[in-house]
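Printed here is query-v1.cif (mmCIF, N, CA and C atoms):
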data_input
loop_
_atom_site.group_PDB
_atom_site.id
_atom_site.type_symbol
_atom_site.label_atom_id
_atom_site.label_comp_id
_atom_site.auth_asym_id
_atom_site.auth_seq_id
_atom_site.Cartn_x
_atom_site.Cartn_y
_atom_site.Cartn_z
ATOM 1 N N MET I 898 88.104 108.810 87.054
ATOM 2 C CA MET I 898 88.789 108.190 88.166
ATOM 3 C C MET I 898 87.810 107.450 89.052
ATOM 4 N N PHE I 899 86.633 108.028 89.259
ATOM 5 C CA PHE I 899 85.653 107.385 90.126
ATOM 6 C C PHE I 899 85.171 106.066 89.535
ATOM 7 N N ALA I 900 85.003 106.016 88.217
ATOM 8 C CA ALA I 900 84.527 104.791 87.579
ATOM 9 C C ALA I 900 85.537 103.669 87.735
ATOM 10 N N SER I 901 86.828 103.971 87.611
ATOM 11 C CA SER I 901 87.831 102.926 87.747
ATOM 12 C C SER I 901 87.929 102.451 89.188
ATOM 13 N N ALA I 902 87.754 103.348 90.149
ATOM 14 C CA ALA I 902 87.769 102.925 91.552
ATOM 15 C C ALA I 902 86.584 102.033 91.851
ATOM 16 N N THR I 903 85.430 102.368 91.299
ATOM 17 C CA THR I 903 84.254 101.532 91.489
ATOM 18 C C THR I 903 84.448 100.185 90.823
ATOM 19 N N ARG I 904 85.012 100.182 89.649
ATOM 20 C CA ARG I 904 85.246 98.942 88.929
ATOM 21 C C ARG I 904 86.206 98.044 89.711
ATOM 22 N N ARG I 905 87.253 98.640 90.303
ATOM 23 C CA ARG I 905 88.190 97.848 91.105
ATOM 24 C C ARG I 905 87.528 97.277 92.331
ATOM 25 N N SER I 906 86.676 98.060 92.986
ATOM 26 C CA SER I 906 86.043 97.579 94.210
ATOM 27 C C SER I 906 85.015 96.500 93.928
ATOM 28 N N LEU I 907 84.403 96.524 92.765
ATOM 29 C CA LEU I 907 83.404 95.516 92.412
ATOM 30 C C LEU I 907 83.984 94.344 91.633
ATOM 31 N N SER I 908 85.268 94.358 91.343
ATOM 32 C CA SER I 908 85.845 93.309 90.511
ATOM 33 C C SER I 908 85.769 91.943 91.171
ATOM 34 N N GLY I 909 85.750 91.891 92.484
ATOM 35 C CA GLY I 909 85.625 90.602 93.152
ATOM 36 C C GLY I 909 84.208 90.070 93.152
ATOM 37 N N LEU I 910 83.227 90.924 92.936
ATOM 38 C CA LEU I 910 81.834 90.501 92.968
ATOM 39 C C LEU I 910 81.298 90.139 91.593
ATOM 40 N N ILE I 911 81.743 90.833 90.566
ATOM 41 C CA ILE I 911 81.205 90.640 89.225
ATOM 42 C C ILE I 911 82.313 90.109 88.325
ATOM 43 N N PRO I 912 82.135 88.936 87.744
ATOM 44 C CA PRO I 912 83.151 88.425 86.824
ATOM 45 C C PRO I 912 83.315 89.388 85.644
ATOM 46 N N PRO I 913 84.531 89.756 85.273
ATOM 47 C CA PRO I 913 84.753 90.824 84.298
ATOM 48 C C PRO I 913 84.267 90.511 82.886
ATOM 49 N N LYS I 914 84.328 89.272 82.430
ATOM 50 C CA LYS I 914 83.952 88.978 81.049
ATOM 51 C C LYS I 914 82.466 88.681 80.913
ATOM 52 N N ILE I 915 81.770 88.510 82.005
ATOM 53 C CA ILE I 915 80.348 88.171 81.939
ATOM 54 C C ILE I 915 79.489 89.404 82.134
ATOM 55 N N ALA I 916 79.777 90.193 83.145
ATOM 56 C CA ALA I 916 78.939 91.355 83.452
ATOM 57 C C ALA I 916 79.720 92.633 83.230
ATOM 58 N N THR I 917 79.862 93.036 82.010
ATOM 59 C CA THR I 917 80.499 94.312 81.704
ATOM 60 C C THR I 917 79.451 95.415 81.821
ATOM 61 N N PRO I 918 79.854 96.651 82.057
ATOM 62 C CA PRO I 918 78.857 97.737 82.163
ATOM 63 C C PRO I 918 77.984 97.852 80.925
ATOM 64 N N GLY I 919 78.547 97.591 79.747
ATOM 65 C CA GLY I 919 77.747 97.659 78.535
ATOM 66 C C GLY I 919 76.695 96.569 78.474
ATOM 67 N N ALA I 920 77.019 95.384 78.982
ATOM 68 C CA ALA I 920 76.070 94.276 78.943
ATOM 69 C C ALA I 920 74.927 94.492 79.921
ATOM 70 N N VAL I 921 75.231 95.040 81.059
ATOM 71 C CA VAL I 921 74.203 95.211 82.090
ATOM 72 C C VAL I 921 73.290 96.389 81.771
ATOM 73 N N SER I 922 73.848 97.465 81.222
ATOM 74 C CA SER I 922 73.050 98.671 81.016
ATOM 75 C C SER I 922 72.379 98.745 79.646
ATOM 76 N N SER I 923 72.541 97.736 78.813
ATOM 77 C CA SER I 923 71.999 97.838 77.461
ATOM 78 C C SER I 923 70.518 97.485 77.378
ATOM 79 N N GLY I 924 69.908 97.072 78.440
ATOM 80 C CA GLY I 924 68.481 96.750 78.423
ATOM 81 C C GLY I 924 68.229 95.382 79.022
ATOM 82 N N SER I 925 66.996 95.149 79.412
ATOM 83 C CA SER I 925 66.709 93.900 80.095
ATOM 84 C C SER I 925 66.453 92.748 79.139
ATOM 85 N N THR I 926 66.300 93.016 77.846
ATOM 86 C CA THR I 926 65.988 91.948 76.905
ATOM 87 C C THR I 926 67.182 91.509 76.075
ATOM 88 N N SER I 927 68.336 92.058 76.329
ATOM 89 C CA SER I 927 69.479 91.716 75.491
ATOM 90 C C SER I 927 70.011 90.328 75.828
ATOM 91 N N ALA I 928 70.731 89.771 74.897
ATOM 92 C CA ALA I 928 71.316 88.445 75.080
ATOM 93 C C ALA I 928 72.408 88.481 76.143
ATOM 94 N N ARG I 929 73.109 89.602 76.238
ATOM 95 C CA ARG I 929 74.162 89.706 77.247
ATOM 96 C C ARG I 929 73.574 89.687 78.656
ATOM 97 N N THR I 930 72.478 90.389 78.846
ATOM 98 C CA THR I 930 71.834 90.383 80.158
ATOM 99 C C THR I 930 71.331 88.983 80.477
ATOM 100 N N ALA I 931 70.842 88.275 79.493
ATOM 101 C CA ALA I 931 70.402 86.895 79.702
ATOM 102 C C ALA I 931 71.574 86.016 80.110
ATOM 103 N N ALA I 932 72.752 86.260 79.548
ATOM 104 C CA ALA I 932 73.938 85.489 79.930
ATOM 105 C C ALA I 932 74.322 85.773 81.378
ATOM 106 N N VAL I 933 74.214 87.030 81.791
ATOM 107 C CA VAL I 933 74.521 87.383 83.179
ATOM 108 C C VAL I 933 73.541 86.697 84.119
ATOM 109 N N ILE I 934 72.271 86.746 83.801
ATOM 110 C CA ILE I 934 71.251 86.113 84.643
ATOM 111 C C ILE I 934 71.463 84.609 84.685
ATOM 112 N N ASP I 935 71.803 84.015 83.542
ATOM 113 C CA ASP I 935 72.051 82.573 83.497
ATOM 114 C C ASP I 935 73.244 82.201 84.369
ATOM 115 N N PHE I 936 74.303 83.021 84.322
ATOM 116 C CA PHE I 936 75.487 82.741 85.137
ATOM 117 C C PHE I 936 75.152 82.768 86.628
ATOM 118 N N TYR I 937 74.474 83.826 87.066
ATOM 119 C CA TYR I 937 74.180 83.963 88.485
ATOM 120 C C TYR I 937 73.113 82.979 88.953
ATOM 121 N N SER I 938 72.261 82.507 88.066
ATOM 122 C CA SER I 938 71.255 81.523 88.478
ATOM 123 C C SER I 938 71.878 80.162 88.737
ATOM 124 N N LYS I 939 73.064 79.898 88.189
ATOM 125 C CA LYS I 939 73.740 78.619 88.400
ATOM 126 C C LYS I 939 74.581 78.583 89.676
ATOM 127 N N LEU I 940 74.768 79.724 90.311
ATOM 128 C CA LEU I 940 75.564 79.756 91.541
ATOM 129 C C LEU I 940 74.807 79.057 92.666
ATOM 130 N N PRO I 941 75.519 78.390 93.583
ATOM 131 C CA PRO I 941 74.841 77.686 94.674
ATOM 132 C C PRO I 941 74.155 78.667 95.621
ATOM 133 N N LYS I 942 73.036 78.242 96.167
ATOM 134 C CA LYS I 942 72.268 79.075 97.092
ATOM 135 C C LYS I 942 72.201 78.391 98.447
ATOM 136 N N GLY I 943 72.131 79.202 99.492
ATOM 137 C CA GLY I 943 72.008 78.666 100.844
ATOM 138 C C GLY I 943 73.356 78.363 101.467
ATOM 139 N N PRO I 944 73.341 77.827 102.691
ATOM 140 C CA PRO I 944 74.596 77.528 103.389
ATOM 141 C C PRO I 944 75.307 76.321 102.778
ATOM 142 N N LYS I 945 76.603 76.242 103.054
ATOM 143 C CA LYS I 945 77.382 75.110 102.575
ATOM 144 C C LYS I 945 76.926 73.824 103.266
ATOM 145 N N PRO I 946 76.985 72.710 102.566
ATOM 146 C CA PRO I 946 76.712 71.435 103.244
ATOM 147 C C PRO I 946 77.793 71.154 104.288
ATOM 148 N N ALA I 947 77.478 70.356 105.276
ATOM 149 C CA ALA I 947 78.427 70.073 106.354
ATOM 150 C C ALA I 947 79.689 69.402 105.829
ATOM 151 N N SER I 948 79.584 68.662 104.726
ATOM 152 C CA SER I 948 80.761 67.985 104.186
ATOM 153 C C SER I 948 81.753 68.958 103.561
ATOM 154 N N GLU I 949 81.308 70.145 103.159
ATOM 155 C CA GLU I 949 82.193 71.120 102.521
ATOM 156 C C GLU I 949 82.706 72.182 103.481
ATOM 157 N N GLN I 950 82.238 72.215 104.702
ATOM 158 C CA GLN I 950 82.686 73.240 105.642
ATOM 159 C C GLN I 950 84.085 72.908 106.140
ATOM 160 N N PRO I 951 84.883 73.937 106.405
ATOM 161 C CA PRO I 951 86.270 73.701 106.810
ATOM 162 C C PRO I 951 86.359 73.037 108.179
ATOM 163 N N GLY I 952 87.411 72.279 108.358
ATOM 164 C CA GLY I 952 87.640 71.614 109.635
ATOM 165 C C GLY I 952 88.788 72.266 110.374
ATOM 166 N N GLY I 953 89.237 71.623 111.402
ATOM 167 C CA GLY I 953 90.376 72.117 112.169
ATOM 168 C C GLY I 953 90.032 73.345 112.991
ATOM 169 N N LEU I 954 91.039 74.147 113.268
ATOM 170 C CA LEU I 954 90.850 75.335 114.095
ATOM 171 C C LEU I 954 89.932 76.357 113.437
ATOM 172 N N ARG I 955 90.065 76.511 112.124
ATOM 173 C CA ARG I 955 89.222 77.486 111.426
ATOM 174 C C ARG I 955 87.757 77.105 111.529
ATOM 175 N N GLY I 956 87.441 75.856 111.291
ATOM 176 C CA GLY I 956 86.057 75.405 111.371
ATOM 177 C C GLY I 956 85.507 75.427 112.779
ATOM 178 N N ARG I 957 86.350 75.116 113.751
ATOM 179 C CA ARG I 957 85.889 75.039 115.131
ATOM 180 C C ARG I 957 85.660 76.414 115.757
ATOM 181 N N TYR I 958 86.589 77.341 115.524
ATOM 182 C CA TYR I 958 86.526 78.620 116.234
ATOM 183 C C TYR I 958 86.027 79.801 115.410
ATOM 184 N N PHE I 959 86.196 79.773 114.089
ATOM 185 C CA PHE I 959 85.896 80.957 113.298
ATOM 186 C C PHE I 959 84.703 80.808 112.363
ATOM 187 N N GLU I 960 84.306 79.590 111.991
ATOM 188 C CA GLU I 960 83.228 79.438 111.025
ATOM 189 C C GLU I 960 82.141 78.478 111.479
ATOM 190 N N GLY I 961 82.231 77.896 112.636
ATOM 191 C CA GLY I 961 81.207 76.975 113.097
ATOM 192 C C GLY I 961 80.057 77.704 113.760
ATOM 193 N N LYS I 962 79.184 76.939 114.394
ATOM 194 C CA LYS I 962 78.058 77.581 115.076
ATOM 195 C C LYS I 962 78.512 78.297 116.344
ATOM 196 N N ASN I 963 79.702 77.993 116.830
ATOM 197 C CA ASN I 963 80.256 78.674 118.008
ATOM 198 C C ASN I 963 81.352 79.656 117.602
ATOM 199 N N ALA I 964 81.223 80.286 116.453
ATOM 200 C CA ALA I 964 82.267 81.174 115.929
ATOM 201 C C ALA I 964 82.443 82.389 116.839
ATOM 202 N N SER I 965 83.703 82.685 117.145
ATOM 203 C CA SER I 965 84.007 83.877 117.943
ATOM 204 C C SER I 965 85.457 84.269 117.699
ATOM 205 N N GLY I 966 85.806 85.434 118.156
ATOM 206 C CA GLY I 966 87.175 85.918 118.031
ATOM 207 C C GLY I 966 87.999 85.662 119.269
ATOM 208 N N ALA I 967 87.497 84.841 120.187
ATOM 209 C CA ALA I 967 88.204 84.589 121.440
ATOM 210 C C ALA I 967 89.610 84.014 121.229
ATOM 211 N N PRO I 968 89.829 83.058 120.332
ATOM 212 C CA PRO I 968 91.198 82.567 120.144
ATOM 213 C C PRO I 968 92.146 83.645 119.645
ATOM 214 N N LEU I 969 91.665 84.538 118.802
ATOM 215 C CA LEU I 969 92.503 85.628 118.307
ATOM 216 C C LEU I 969 92.873 86.580 119.438
ATOM 217 N N LEU I 970 91.889 86.939 120.258
ATOM 218 C CA LEU I 970 92.184 87.815 121.402
ATOM 219 C C LEU I 970 93.106 87.136 122.401
ATOM 220 N N ALA I 971 92.913 85.847 122.650
ATOM 221 C CA ALA I 971 93.787 85.113 123.566
ATOM 222 C C ALA I 971 95.221 85.113 123.053
ATOM 223 N N THR I 972 95.403 84.924 121.753
ATOM 224 C CA THR I 972 96.742 84.944 121.168
ATOM 225 C C THR I 972 97.394 86.315 121.334
ATOM 226 N N ILE I 973 96.634 87.369 121.127
ATOM 227 C CA ILE I 973 97.170 88.724 121.289
ATOM 228 C C ILE I 973 97.596 88.964 122.735
ATOM 229 N N PHE I 974 96.747 88.585 123.688
ATOM 230 C CA PHE I 974 97.086 88.795 125.094
ATOM 231 C C PHE I 974 98.257 87.940 125.545
ATOM 232 N N ILE I 975 98.350 86.713 125.048
ATOM 233 C CA ILE I 975 99.481 85.848 125.409
ATOM 234 C C ILE I 975 100.784 86.435 124.867
ATOM 235 N N LEU I 976 100.774 86.900 123.620
ATOM 236 C CA LEU I 976 101.985 87.508 123.053
ATOM 237 C C LEU I 976 102.362 88.786 123.801
ATOM 238 N N PHE I 977 101.345 89.575 124.198
ATOM 239 C CA PHE I 977 101.624 90.772 124.987
ATOM 240 C C PHE I 977 102.254 90.385 126.326
ATOM 241 N N GLY I 978 101.713 89.356 126.965
ATOM 242 C CA GLY I 978 102.244 88.914 128.261
ATOM 243 C C GLY I 978 103.668 88.407 128.158
ATOM 244 N N ILE I 979 103.971 87.663 127.119
ATOM 245 C CA ILE I 979 105.343 87.171 126.930
ATOM 246 C C ILE I 979 106.286 88.342 126.673
ATOM 247 N N GLY I 980 105.883 89.272 125.830
ATOM 248 C CA GLY I 980 106.725 90.429 125.542
ATOM 249 C C GLY I 980 106.949 91.292 126.774
ATOM 250 N N TYR I 981 105.896 91.488 127.569
ATOM 251 C CA TYR I 981 106.027 92.278 128.787
ATOM 252 C C TYR I 981 106.972 91.596 129.775
ATOM 253 N N THR I 982 106.862 90.278 129.901
ATOM 254 C CA THR I 982 107.731 89.533 130.815
ATOM 255 C C THR I 982 109.189 89.647 130.403
ATOM 256 N N ILE I 983 109.461 89.511 129.129
ATOM 257 C CA ILE I 983 110.841 89.628 128.648
ATOM 258 C C ILE I 983 111.363 91.040 128.881
ATOM 259 N N ASP I 984 110.551 92.038 128.591
ATOM 260 C CA ASP I 984 110.967 93.424 128.787
ATOM 261 C C ASP I 984 111.225 93.713 130.266
ATOM 262 N N TYR I 985 110.377 93.209 131.145
ATOM 263 C CA TYR I 985 110.531 93.430 132.584
ATOM 264 C C TYR I 985 111.812 92.780 133.095
ATOM 265 N N ASN I 986 112.072 91.558 132.652
ATOM 266 C CA ASN I 986 113.285 90.882 133.100
ATOM 267 C C ASN I 986 114.535 91.561 132.573
ATOM 268 N N MET I 987 114.504 92.073 131.361
ATOM 269 C CA MET I 987 115.655 92.816 130.846
ATOM 270 C C MET I 987 115.874 94.095 131.650
ATOM 271 N N HIS I 988 114.786 94.729 132.062
ATOM 272 C CA HIS I 988 114.905 95.936 132.877
ATOM 273 C C HIS I 988 115.486 95.602 134.250
ATOM 274 N N LEU I 989 115.119 94.451 134.808
ATOM 275 C CA LEU I 989 115.686 94.060 136.099
ATOM 276 C C LEU I 989 117.188 93.814 135.990
ATOM 277 N N LYS I 990 117.647 93.259 134.868
ATOM 278 C CA LYS I 990 119.085 93.050 134.663
ATOM 279 C C LYS I 990 119.800 94.400 134.635
ATOM 280 N N HIS I 991 119.125 95.419 134.136
ATOM 281 C CA HIS I 991 119.706 96.754 134.109
ATOM 282 C C HIS I 991 119.934 97.278 135.526
ATOM 283 N N HIS I 992 119.072 96.912 136.475
ATOM 284 C CA HIS I 992 119.185 97.387 137.849
ATOM 285 C C HIS I 992 120.078 96.524 138.713
ATOM 286 N N LYS I 993 120.618 95.443 138.185
ATOM 287 C CA LYS I 993 121.369 94.490 138.996
ATOM 288 C C LYS I 993 122.605 95.124 139.627
ATOM 289 N N ASN I 994 123.307 95.992 138.938
ATOM 290 C CA ASN I 994 124.554 96.572 139.443
ATOM 291 C C ASN I 994 124.385 97.990 139.968
ATOM 292 N N GLY I 995 123.163 98.387 140.224
ATOM 293 C CA GLY I 995 122.950 99.737 140.746
ATOM 294 C C GLY I 995 121.707 100.348 140.130
ATOM 295 N N HIS I 996 121.442 101.572 140.567
ATOM 296 C CA HIS I 996 120.258 102.238 140.064
ATOM 297 C C HIS I 996 120.551 102.921 138.727
ATOM 298 N N HIS I 997 119.562 103.590 138.185
ATOM 299 C CA HIS I 997 119.680 104.262 136.890
ATOM 300 C C HIS I 997 120.872 105.167 136.945
#
Please express what this file holds, its structure, as structure tokens.
Amino acid sequence: MFASATRRSLSGLIPPKIATPGAVSSGSTSARTAAVIDFYSKLPKGPKPASEQPGGLRGRYFEGKNASGAPLLATIFILFGIGYTIDYNMHLKHHKNGHH
């Protein structure tokens, strides 16, 4: 059970047909290990070029050099404020014709 849980958690990091446990653990001189090394050596290194970085709100607030969670927190507080206002006004309508 532990091996399958580990395999599931690592499935996003290691391509399944390239780096199988048998290929990685069979020794450092095998052809399969060479294929794994060749695959990972072709992956891009370093930060994305500016032309490939996302634009819009995501690029401006969440992935740029000024990345922060402030817009997310502002959205949460605004929704809380709107919900509280609606709830308060509904409660006032309850008191319009008398007390509890």
DSSP-assigned alpha helix (DSSP H) members of stretch 932-986 of chain I, reported as an MDAnalysis selection string = chainID I and resid 932:938 953:954 967:986
key: Å distance separating atom CA of I:Gly943 from atom CA of I:Lys962, one decimal place   =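 Value for the atom CA of I:Gly943-atom CA of I:Lys962 distance: 15.5 Å.
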task = Work out how far atom CA of I:Glu960 is from atom CA of I:Ser948, in Å to one decimal.
result =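 These atoms are spaced 13.6 Å apart.
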ask   = By how many Å are atom CA of I:Tyr958 and atom CA of I:Thr982 apart?
value =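 These atoms are spaced 28.0 Å apart.
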message = Taking 3 positions as the minimum chain separation for residues in the same chain, which residues sit within 9 Å of stretch 968-974 of chain I when counting only C-alpha atoms? Answer as number ranges by chain.
response = I: 958-959, 965, 977-979
